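A.B. asks: Have a look at the structure that comes next, please.
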4 protein chains.
Amino acid sequence: MIIITKPDATEEQVQHIVHRVREWGLRPEVSRGALRVVIGVIGPEELIREKPLAAIPGVESVTPVMKPYKLVAHEFRGTHGVVEIGGVAVGGNEVTVMAGPCSVESREQIISVARDVKAAGAKILRGGAFKPRTSPYTFQGLGVEGLKLLAEARAETGLPVITEIMDTKDLAVIEQYADCLQVGARNMQNFALLKEVGRSKLPVMLKRGMSATIKDLLMSAEYILSEGNLNVLLCERGIRTFETFTRNTLDLNAVPVLKAETHLPVVVDPTHGVGIHDFIPAMALAAVAAGADALMVEVHNSPELAKSDGEQALLPHEFTELLVRVRAVAQAIGRAA
Amino acid sequence: MIIITKPDATEEQVQHIVHRVREWGLRPEVSRGALRVVIGVIGPEELIREKPLAAIPGVESVTPVMKPYKLVAHEFRGTHGVVEIGGVAVGGNEVTVMAGPCSVESREQIISVARDVKAAGAKILRGGAFKPRTSPYTFQGLGVEGLKLLAEARAETGLPVITEIMDTKDLAVIEQYADCLQVGARNMQNFALLKEVGRSKLPVMLKRGMSATIKDLLMSAEYILSEGNLNVLLCERGIRTFETFTRNTLDLNAVPVLKAETHLPVVVDPTHGVGIHDFIPAMALAAVAAGADALMVEVHNSPELAKSDGEQALLPHEFTELLVRVRAVAQAIGRAA
Amino acid sequence: MIIITKPDATEEQVQHIVHRVREWGLRPEVSRGALRVVIGVIGPEELIREKPLAAIPGVESVTPVMKPYKLVAHEFRGTHGVVEIGGVAVGGNEVTVMAGPCSVESREQIISVARDVKAAGAKILRGGAFKPRTSPYTFQGLGVEGLKLLAEARAETGLPVITEIMDTKDLAVIEQYADCLQVGARNMQNFALLKEVGRSKLPVMLKRGMSATIKDLLMSAEYILSEGNLNVLLCERGIRTFETFTRNTLDLNAVPVLKAETHLPVVVDPTHGVGIHDFIPAMALAAVAAGADALMVEVHNSPELAKSDGEQALLPHEFTELLVRVRAVAQAIGRAA
Amino acid sequence: MIIITKPDATEEQVQHIVHRVREWGLRPEVSRGALRVVIGVIGPEELIREKPLAAIPGVESVTPVMKPYKLVAHEFRGTHGVVEIGGVAVGGNEVTVMAGPCSVESREQIISVARDVKAAGAKILRGGAFKPRTSPYTFQGLGVEGLKLLAEARAETGLPVITEIMDTKDLAVIEQYADCLQVGARNMQNFALLKEVGRSKLPVMLKRGMSATIKDLLMSAEYILSEGNLNVLLCERGIRTFETFTRNTLDLNAVPVLKAETHLPVVVDPTHGVGIHDFIPAMALAAVAAGADALMVEVHNSPELAKSDGEQALLPHEFTELLVRVRAVAQAIGRAA
């Protein structure tokens with residue numbers, strides 16, 4: 001932590017800061033410039049990270065030296081990690097593809113889509129049973145019935161299943177049916193939920209919030225790891241910017257940043273990321289080239305009749321063509337898919 | 001709903017769209033321009049609002065005619081509403097002030113601050129018992145103990161109490177102690193929580209998410225009203241922009257917009273909104289001039305030792321001075337405070 | 001400047017950094033923590049502000065201690081400054097109002113509006129002769145003819161005139177007719193233009209760019225002052241955010257920040273800031289309450305027929321009513337208007 | 001154009017709108033819903049695009065049907081275009097690479113870097129002679145001397161040269177030395193400059209402004225084409241968002257969008273886009289996978305001593321390695337490089 005004083009800070013104020021730092025168990029190192037005093041704080045930064053240093057009279061700014069996350073930091077493992085979802089490894093040399101419909105709508109729909117995405121090369125099935133919808137008047141998902149259908153589709157195809165959890169109350173029932181929990185963008189800072197999934201045996205895919213910085217995303221992941229669940233995947237799914245041509249702005253910059261900052265595998269969701277059907281393939285390929293460990297793509301066998309997000313779903317044959325190209329780009333950068 | 005086709009849409013595609021619209025129980029009106037066909041859809045828009053029209057081949061864009069919210073819309077009541085919190089009306093001619101510390105830390109602290117803010121003119125006491133913190137390693141609030149202390153402070157001062165709810169599981173216990181529920185910015189789209197507080201007898205203050213549009217905020221409020229709880233306040237507390245000088249960008253534009261769009265009272269939180277101690281008073285005055293029905297301000301008797309957000313808390317004497325100025329501005333625009 | 005090294009920086013890299021700092025004429029102070037080395041750099045920071053310190057191997061981050069602006073800094077004068085525009089002082093106790101149409105369209109229009117805004121209490125007349133328009137196919141302003149009409153309106157009413165400059169080539173002709181130059185948001189970082197107006201005898205109102213931080217705005221003003229022109233006004237006119245309900249997001253937070261950071265007077269343009277006719281008065285009042293020294297408001301006598309931005313112009317009688325309320329709020333905070 | 005009235009619009013207001021539309025030479029088609037009237041406007045939309053329809057009493061919203069750009073629209077050519085820069089084609093099957101230092105600093109520097117980037121496979125040399133710098137106190141470029149050095153480097157290597165123009169006054173001299181003009185992000189809406197380069201014989205690369213939407217970028221390009229210069233390249237170089245980990249947010253979503261919307265070739269600048277040395281290669285590869293026609297990359301032979309932006313320059317050997325990977329990804333998507 002480095003404390004910089006205001007130009008008009010008095011000597012008394014400087015001494016008060018120094019006193020506080022010592023009181024909190026750390027060692028202050030004082031350098032005096034022409035106008036300002038710089039106080040370096042030596043020792044375990046976590047002791048004072050949350051102290052309201054800026055509230056002390058005379059303080060102009062406070063700059064941390066250490067990263068605020070520990071368990072998710074790349075240094076914590078020193079290598080990239082691999083997370084297993086129902087026997088499928090995410091984070092190794094292979095680029096893993098997760099696919100399926102936005103919502104589970106019926107037995108026929110989910111099984112048909114599951115077969116199609118498996119045939120195309122997907123390794124994990126996605127499908128929403130509890131749906132976070134902007135409007136209370138729209139389809140809210142089939143709930144537990146949807147979970148059961150997902151389990152049937154898994155039995156049919158062998159694909160492990162990832163599905164979203166929206167409420168701490170639902171953890172037990174979802175654990176009965178799913179192989180991986182998804183925490184959605186809108187719940188990325190639902191800390192009660194993060195703690196709860198942190199106590200689950202299932203791996204968790206945490207999606208970046210629409211206005212969450214990369215640091216915020218890592219801090220939310222830290223909540224899960226700090227409860228004991230180390231099997232966490234991070235998912236970039238588009239942020240909110242001023243641009244309105246695309247539904248969101250898929251921030252692929254986050255991919256190399258996360259690969260450098262954390263050992264957790266990085267997933268990219270181009271479907272929500274750009275949110276426009278015709279542009280999803282280009283963004284999926286770009287995500288792989290940027291270094292993503294996995295893709296999550298929405299596929300529907302009849303988008304026009306979908307109960308949610310039909311306008312951004314790929315048709316099975318479009319998805320099949322996309323995966324051919326995904327494999328080519330993965331190989332070009334020395335990975336499999 | 002107005003559907004516009006692509007320049008290269010075929011006649012067959014146009015007929016398919018028309019067919020779908022009829023199938024969904026609405027009446028299509030087709031206007032043909034030189035390049036594009038415009039299909040006006042007449043009838044109750046909610047029937048097709050969530051249909052994936054953009055997924056139909058040949059569709060270029062879909063523009064809704066109706067607002068997606070009903071119960072929160074200004075037209076629903078036709079007048080501005082008043083919400084009562086423990087006997088204190090918010091939304092009438094008087095500008096109501098809610099104040100208190102970020103977190104409840106101890107009996108001494110909360111009672112001392114409650115007395116100070118009451119003396120200055122605040123009508124409602126705020127204080128966090130369950131705290132949403134970015135880091136799992138920082139103070140998470142006193143929980144139920146904090147609720148009890150808030151109730152003690154109410155007994156002592158007569159001020160009704162508002163406090164944050166973070167998990168559906170906590171509703172019952174919070175209802176025992178508080179007069180108003182607060183849903184925080186990070187949970188603005190935690191739909192499970194919105195539904196739950198929609199079933200509570202207590203009024204709810206819903207804070208705008210950091211990247212929530214005004215429309216998003218109104219849709220989240222619609223969730224609460226649609227469950228039967230009509231006593232909802234909306235709170236602008238700063239949005240996330242590219243500007244880094246201030247902690248957030250308090251969006252006062254939202255105040256007149258919300259006053260026009262909804263009958264719900266509008267609260268402004270200048271403390272989180274600008275997030276820098278010295279600039280809070282100016283933003284509080286501006287909020288009143290913009291038409292806010294209430295202010296929420298953080299006050300602490302020893303910010304330097306606060307367990308959360310001390311750097312943005314006003315001291316009691318600063319708060320007292322601020323309220324003198326708030327009253328002057330309120331009167332200048334024809335209101336009381 | 002404070003340099004922090006990476007956790008894996010070698011001693012050789014640390015020595016190389018120290019060597020560079022000395023070579024550039026400054027004094028390094030080295031503090032060693034458990035993982036990182038912190039190197040405080042003592043001496044005139046401008047000597048190394050632009051050195052690519054982050055390009056030196058082993059450097060993790062570089063934090064400046066000093067502000068990057070000098071002439072615009074509040075410390076440079078120590079008081080708030082006053083800028084005179086054709087005899088009208090901006091920045092004193094009185095809140096000054098500038099008003100007029102978006103574009104000068106005809107003699108009748110500009111003289112009629114000039115009379116109306118003067119009668120309502122405006123002290124300075126605005127009007128565009130050279131117009132920055134998003135589309136090349138729309139009205140681009142009357143050019144020199146517009147300047148002449150502005151001068152006629154000044155002769156008629158006595159109101160000094162402010163108008164926009166878009167090209168360095170136009171400075172000489174605009175200087176013949178105007179009392180104050182306006183640099184528009186889209187040219188805020190047109191550094192060639194900033195240098196040119198920095199050599200003018202006329203005062204300059206610099207509008208904040210749509211994505212310019214407050215620091216960027218101050219740095220652009222620094223360009224003008226560094227060329228010798230100290231008569232600069234800063235104008236907040238709305239930034240670009242994700243919110244689409246309003247045309248821009250008027251950032252009133254910038255008002256108290258700028259009043260603290262610089263001695264230059266601060267103008268607010270609620271017309272472009274919120275960009276919706278019905279919400280302009282509320283934002284104008286809020287701007288005054290936040291501490292603005294002046295307002296710039298667009299007024300047109302026939303908005304429906306205006307050649308640009310008619311949808312956000314106030315009618316003369318609306319403007320008159322607004323100024324009555326502006327005066328009340330100004331008095332409430334101890335100012336005149 | 002589709003005009004939607006307010007729920008409380010009177011019949012008289014509706015008739016007034018209809019009257020105006022006819023007066024402007026277009027045909028109104030009126031559809032009446034339960035609450036609102038929808039008025040479709042048939043005919044050449046440009047006739048009324050700039051009319052202040054929203055200023056007419058009773059109008060709630062106005063939605064354009066046509067795109068506001070014509071010459072830059074994909075339909076205008078019907079195919080992707082190719083722009084030649086000194087004999088090098090950009091926009092064909094090959095992914096073209098432009099590279100060089102941020103600023104031209106000396107003969108030795110520019111010739112050395114030019115040789116290195118040519119050897120690695122770059123086809124066009126970049127280098128700034130007139131530099132847009134945030135601070136007036138930093139290196140502003142060598143000016144005409146820099147142009148001469150670029151011409152020398154071209155003579156030495158055969159690489160055509162692209163360099164930035166900042167002021168209309170400089171066009172003639174830059175035309176003497178350069179093969180392509182660059183309009184920088186900060187001047188993207190400097191309309192005087194756009195018109196001027198629209199009259200040049202040289203091709204123009206237009207960089208997207210930091211807060212420019214894709215539509216804004218296309219409208220600015222339209223200015224250049226409308227003056228007669230059809231040889232325009234568009235360059236995505238990062239937008240401004242709330243994320244602070246990266247210097248900007250490279251918006252690769254813009255690549256497939258622009259390829260669909262316009263016939264103009266699309267360049268991506270990963271150097272400024274992400275702005276952090278270590279992440280530039282990943283973003284360059286992602287840009288190619290997303291479909292970019294060209295890359296612009298900054299390379300310096302001694303970044304630590306560079307006069308501008310050294311912290312984000314690649315070393316020649318890093319650039320050489322990157323181009324090997326760029327070629328592999330280009331081939332994977334069926335292109336050359």
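Chain labels run A, B, ... following the order of the structure tokens; each chain numbers its residues from 1, and ligands are numbered from 1 in the order shown.
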List as a ChimeraX atom specification the protein and nucleic acid residues near Val329 of chain B, meaning an atom at most 8 Å away when only C-alpha atoms are counted, but skip any in the same chain fewer than 4 places from it.
C.D. replies: /B:285,288-289,325,333 /C:289,329,332-333
A.B. asks: With a distance cut-off of 10 Å and only C-alpha atoms, select the neighbouring residues of segment 18-33 of chain B, excluding the residue or stretch itself and same-chain residues fewer than 6 positions from it, and output the selection as a VMD selection string.
C.D. replies: (chain A and resid 304) or (chain B and resid 1 to 5 7 12 39 to 45 47 to 48 51 53 56) or (chain D and resid 29 31 40 to 44 65)
A.B. asks: Mind listing as a list in words which residues of chain B are within 6 Å of chain C, counting only C-alpha atoms?
C.D. replies: Thr213, Thr241, Glu243, Pro256, Phe279, Ala282, Met283, Leu285, Ala286, Ala289, Ala290, Ala328, Val329 and Ala332 of chain B
A.B. asks: What would the file look like if the residues just selected were written as an mmCIF file, in the first residue's frame with all heavy atoms?
C.D. replies:
data_model
loop_
_atom_site.group_PDB
_atom_site.id
_atom_site.type_symbol
_atom_site.label_atom_id
_atom_site.label_comp_id
_atom_site.auth_asym_id
_atom_site.auth_seq_id
_atom_site.Cartn_x
_atom_site.Cartn_y
_atom_site.Cartn_z
ATOM 1 N N THR B 213 -29.934 -0.153 -17.313
ATOM 2 C CA THR B 213 -30.605 0.989 -17.932
ATOM 3 C C THR B 213 -31.830 1.340 -17.079
ATOM 4 O O THR B 213 -32.271 0.548 -16.236
ATOM 5 C CB THR B 213 -31.088 0.643 -19.345
ATOM 6 O OG1 THR B 213 -32.034 -0.419 -19.238
ATOM 7 C CG2 THR B 213 -29.941 0.215 -20.244
ATOM 8 N N THR B 241 -19.326 4.021 -15.711
ATOM 9 C CA THR B 241 -18.954 4.621 -16.988
ATOM 10 C C THR B 241 -17.438 4.538 -17.089
ATOM 11 O O THR B 241 -16.777 3.949 -16.238
ATOM 12 C CB THR B 241 -19.393 6.095 -17.036
ATOM 13 O OG1 THR B 241 -18.588 6.848 -16.117
ATOM 14 C CG2 THR B 241 -20.868 6.255 -16.678
ATOM 15 N N GLU B 243 -15.508 7.015 -16.677
ATOM 16 C CA GLU B 243 -14.880 8.029 -15.820
ATOM 17 C C GLU B 243 -14.335 7.375 -14.553
ATOM 18 O O GLU B 243 -15.049 6.629 -13.885
ATOM 19 C CB GLU B 243 -15.899 9.105 -15.444
ATOM 20 C CG GLU B 243 -15.357 10.204 -14.547
ATOM 21 C CD GLU B 243 -14.199 10.965 -15.164
ATOM 22 O OE1 GLU B 243 -14.415 11.700 -16.117
ATOM 23 O OE2 GLU B 243 -13.032 10.801 -14.690
ATOM 24 N N PRO B 256 -35.530 13.019 -13.491
ATOM 25 C CA PRO B 256 -36.717 13.466 -14.233
ATOM 26 C C PRO B 256 -37.286 12.375 -15.145
ATOM 27 O O PRO B 256 -38.505 12.336 -15.362
ATOM 28 C CB PRO B 256 -36.207 14.680 -15.032
ATOM 29 C CG PRO B 256 -34.714 14.569 -15.028
ATOM 30 C CD PRO B 256 -34.356 13.866 -13.753
ATOM 31 N N PHE B 279 -17.458 15.639 -2.513
ATOM 32 C CA PHE B 279 -18.394 15.992 -3.578
ATOM 33 C C PHE B 279 -19.826 15.543 -3.277
ATOM 34 O O PHE B 279 -20.737 15.792 -4.053
ATOM 35 C CB PHE B 279 -17.919 15.388 -4.909
ATOM 36 C CG PHE B 279 -16.505 15.785 -5.247
ATOM 37 C CD1 PHE B 279 -15.590 14.834 -5.689
ATOM 38 C CD2 PHE B 279 -16.074 17.098 -5.091
ATOM 39 C CE1 PHE B 279 -14.283 15.194 -5.988
ATOM 40 C CE2 PHE B 279 -14.761 17.465 -5.392
ATOM 41 C CZ PHE B 279 -13.860 16.515 -5.842
ATOM 42 N N ALA B 282 -22.615 18.538 -2.880
ATOM 43 C CA ALA B 282 -23.044 19.149 -4.146
ATOM 44 C C ALA B 282 -24.003 18.228 -4.880
ATOM 45 O O ALA B 282 -25.000 18.679 -5.462
ATOM 46 C CB ALA B 282 -21.828 19.466 -5.026
ATOM 47 N N MET B 283 -23.719 16.931 -4.868
ATOM 48 C CA MET B 283 -24.584 16.008 -5.599
ATOM 49 C C MET B 283 -25.920 15.821 -4.882
ATOM 50 O O MET B 283 -26.949 15.592 -5.527
ATOM 51 C CB MET B 283 -23.885 14.660 -5.808
ATOM 52 C CG MET B 283 -22.612 14.748 -6.660
ATOM 53 S SD MET B 283 -22.745 15.795 -8.151
ATOM 54 C CE MET B 283 -23.826 14.784 -9.164
ATOM 55 N N LEU B 285 -27.513 18.201 -3.242
ATOM 56 C CA LEU B 285 -28.306 19.384 -3.599
ATOM 57 C C LEU B 285 -28.809 19.281 -5.031
ATOM 58 O O LEU B 285 -29.959 19.623 -5.333
ATOM 59 C CB LEU B 285 -27.456 20.653 -3.433
ATOM 60 C CG LEU B 285 -26.951 20.939 -2.014
ATOM 61 C CD1 LEU B 285 -26.080 22.194 -2.025
ATOM 62 C CD2 LEU B 285 -28.110 21.097 -1.038
ATOM 63 N N ALA B 286 -27.952 18.809 -5.909
ATOM 64 C CA ALA B 286 -28.346 18.671 -7.313
ATOM 65 C C ALA B 286 -29.482 17.660 -7.451
ATOM 66 O O ALA B 286 -30.395 17.843 -8.257
ATOM 67 C CB ALA B 286 -27.146 18.253 -8.157
ATOM 68 N N ALA B 289 -32.650 19.375 -6.552
ATOM 69 C CA ALA B 289 -33.060 20.300 -7.617
ATOM 70 C C ALA B 289 -33.592 19.535 -8.819
ATOM 71 O O ALA B 289 -34.477 20.007 -9.536
ATOM 72 C CB ALA B 289 -31.880 21.189 -8.022
ATOM 73 N N ALA B 290 -33.067 18.347 -9.069
ATOM 74 C CA ALA B 290 -33.528 17.545 -10.212
ATOM 75 C C ALA B 290 -34.893 16.921 -9.967
ATOM 76 O O ALA B 290 -35.515 16.409 -10.889
ATOM 77 C CB ALA B 290 -32.504 16.450 -10.518
ATOM 78 N N ALA B 328 -33.078 24.528 1.874
ATOM 79 C CA ALA B 328 -33.143 25.762 1.078
ATOM 80 C C ALA B 328 -33.423 25.431 -0.395
ATOM 81 O O ALA B 328 -34.259 26.079 -1.033
ATOM 82 C CB ALA B 328 -31.825 26.544 1.210
ATOM 83 N N VAL B 329 -32.752 24.436 -0.922
ATOM 84 C CA VAL B 329 -32.978 24.088 -2.333
ATOM 85 C C VAL B 329 -34.378 23.503 -2.518
ATOM 86 O O VAL B 329 -35.063 23.812 -3.498
ATOM 87 C CB VAL B 329 -31.881 23.123 -2.853
ATOM 88 C CG1 VAL B 329 -32.228 22.615 -4.260
ATOM 89 C CG2 VAL B 329 -30.524 23.819 -2.864
ATOM 90 N N ALA B 332 -36.698 26.237 -2.730
ATOM 91 C CA ALA B 332 -36.546 27.006 -3.973
ATOM 92 C C ALA B 332 -37.324 26.376 -5.114
ATOM 93 O O ALA B 332 -37.749 27.059 -6.046
ATOM 94 C CB ALA B 332 -35.068 27.128 -4.341
#
A.B. asks: Write out as a ChimeraX atom specification all residues of segment 18-83 of chain D that backbone DSSP assigns to strand (DSSP E).
C.D. replies: /D:27-32,37-42,59-63,83
A.B. asks: Could those residues be written to a file, using N, CA, C and O atoms, as an mmCIF file, in the first residue's frame?
C.D. replies:
data_model
loop_
_atom_site.group_PDB
_atom_site.id
_atom_site.type_symbol
_atom_site.label_atom_id
_atom_site.label_comp_id
_atom_site.auth_asym_id
_atom_site.auth_seq_id
_atom_site.Cartn_x
_atom_site.Cartn_y
_atom_site.Cartn_z
ATOM 1 N N ARG D 27 -45.464 10.227 -48.354
ATOM 2 C CA ARG D 27 -46.811 9.699 -48.219
ATOM 3 C C ARG D 27 -46.999 9.054 -46.842
ATOM 4 O O ARG D 27 -46.279 8.130 -46.493
ATOM 5 N N PRO D 28 -47.923 9.550 -46.030
ATOM 6 C CA PRO D 28 -48.165 8.969 -44.695
ATOM 7 C C PRO D 28 -49.159 7.807 -44.787
ATOM 8 O O PRO D 28 -50.144 7.898 -45.512
ATOM 9 N N GLU D 29 -48.869 6.722 -44.048
ATOM 10 C CA GLU D 29 -49.841 5.628 -43.935
ATOM 11 C C GLU D 29 -50.177 5.476 -42.462
ATOM 12 O O GLU D 29 -49.316 5.130 -41.656
ATOM 13 N N VAL D 30 -51.406 5.692 -42.116
ATOM 14 C CA VAL D 30 -51.809 5.770 -40.717
ATOM 15 C C VAL D 30 -52.451 4.455 -40.256
ATOM 16 O O VAL D 30 -53.391 3.976 -40.875
ATOM 17 N N SER D 31 -51.915 3.860 -39.175
ATOM 18 C CA SER D 31 -52.547 2.674 -38.561
ATOM 19 C C SER D 31 -52.916 3.049 -37.132
ATOM 20 O O SER D 31 -52.068 3.534 -36.379
ATOM 21 N N ARG D 32 -54.120 2.754 -36.731
ATOM 22 C CA ARG D 32 -54.541 3.151 -35.390
ATOM 23 C C ARG D 32 -54.628 1.931 -34.471
ATOM 24 O O ARG D 32 -55.361 0.992 -34.746
ATOM 25 N N VAL D 37 -51.157 5.883 -32.333
ATOM 26 C CA VAL D 37 -51.276 5.874 -33.788
ATOM 27 C C VAL D 37 -49.876 5.687 -34.366
ATOM 28 O O VAL D 37 -48.917 6.302 -33.880
ATOM 29 N N VAL D 38 -49.782 4.807 -35.354
ATOM 30 C CA VAL D 38 -48.502 4.576 -36.019
ATOM 31 C C VAL D 38 -48.609 5.147 -37.425
ATOM 32 O O VAL D 38 -49.532 4.809 -38.166
ATOM 33 N N ILE D 39 -47.665 6.050 -37.754
ATOM 34 C CA ILE D 39 -47.706 6.683 -39.067
ATOM 35 C C ILE D 39 -46.462 6.266 -39.842
ATOM 36 O O ILE D 39 -45.344 6.693 -39.542
ATOM 37 N N GLY D 40 -46.662 5.380 -40.811
ATOM 38 C CA GLY D 40 -45.549 4.986 -41.673
ATOM 39 C C GLY D 40 -45.363 6.064 -42.721
ATOM 40 O O GLY D 40 -46.335 6.620 -43.231
ATOM 41 N N VAL D 41 -44.099 6.374 -42.999
ATOM 42 C CA VAL D 41 -43.818 7.434 -43.961
ATOM 43 C C VAL D 41 -43.167 6.782 -45.173
ATOM 44 O O VAL D 41 -42.073 6.231 -45.068
ATOM 45 N N ILE D 42 -43.843 6.831 -46.301
ATOM 46 C CA ILE D 42 -43.361 6.148 -47.503
ATOM 47 C C ILE D 42 -42.739 7.170 -48.449
ATOM 48 O O ILE D 42 -43.333 8.220 -48.707
ATOM 49 N N VAL D 59 -45.839 13.597 -30.746
ATOM 50 C CA VAL D 59 -44.962 12.519 -31.221
ATOM 51 C C VAL D 59 -44.241 11.877 -30.040
ATOM 52 O O VAL D 59 -43.663 12.573 -29.207
ATOM 53 N N GLU D 60 -44.316 10.546 -29.962
ATOM 54 C CA GLU D 60 -43.587 9.844 -28.900
ATOM 55 C C GLU D 60 -42.227 9.377 -29.391
ATOM 56 O O GLU D 60 -41.229 9.519 -28.709
ATOM 57 N N SER D 61 -42.181 8.752 -30.569
ATOM 58 C CA SER D 61 -40.892 8.288 -31.076
ATOM 59 C C SER D 61 -40.893 8.250 -32.590
ATOM 60 O O SER D 61 -41.942 8.225 -33.230
ATOM 61 N N VAL D 62 -39.680 8.279 -33.123
ATOM 62 C CA VAL D 62 -39.478 8.269 -34.570
ATOM 63 C C VAL D 62 -38.428 7.204 -34.867
ATOM 64 O O VAL D 62 -37.341 7.235 -34.283
ATOM 65 N N THR D 63 -38.773 6.231 -35.702
ATOM 66 C CA THR D 63 -37.825 5.155 -36.011
ATOM 67 C C THR D 63 -37.510 5.169 -37.498
ATOM 68 O O THR D 63 -38.407 5.028 -38.320
ATOM 69 N N VAL D 83 -8.744 -1.672 -51.465
ATOM 70 C CA VAL D 83 -8.129 -0.349 -51.543
ATOM 71 C C VAL D 83 -6.630 -0.537 -51.739
ATOM 72 O O VAL D 83 -6.012 -1.331 -51.032
#
A.B. asks: Rounded to one decimal place, report the atom CA of His300 of chain A-atom CA of Pro101 of chain A distance in Å.
C.D. replies: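 Atom-to-atom, atom CA of His300 of chain A to atom CA of Pro101 of chain A, that is 5.2 Å.
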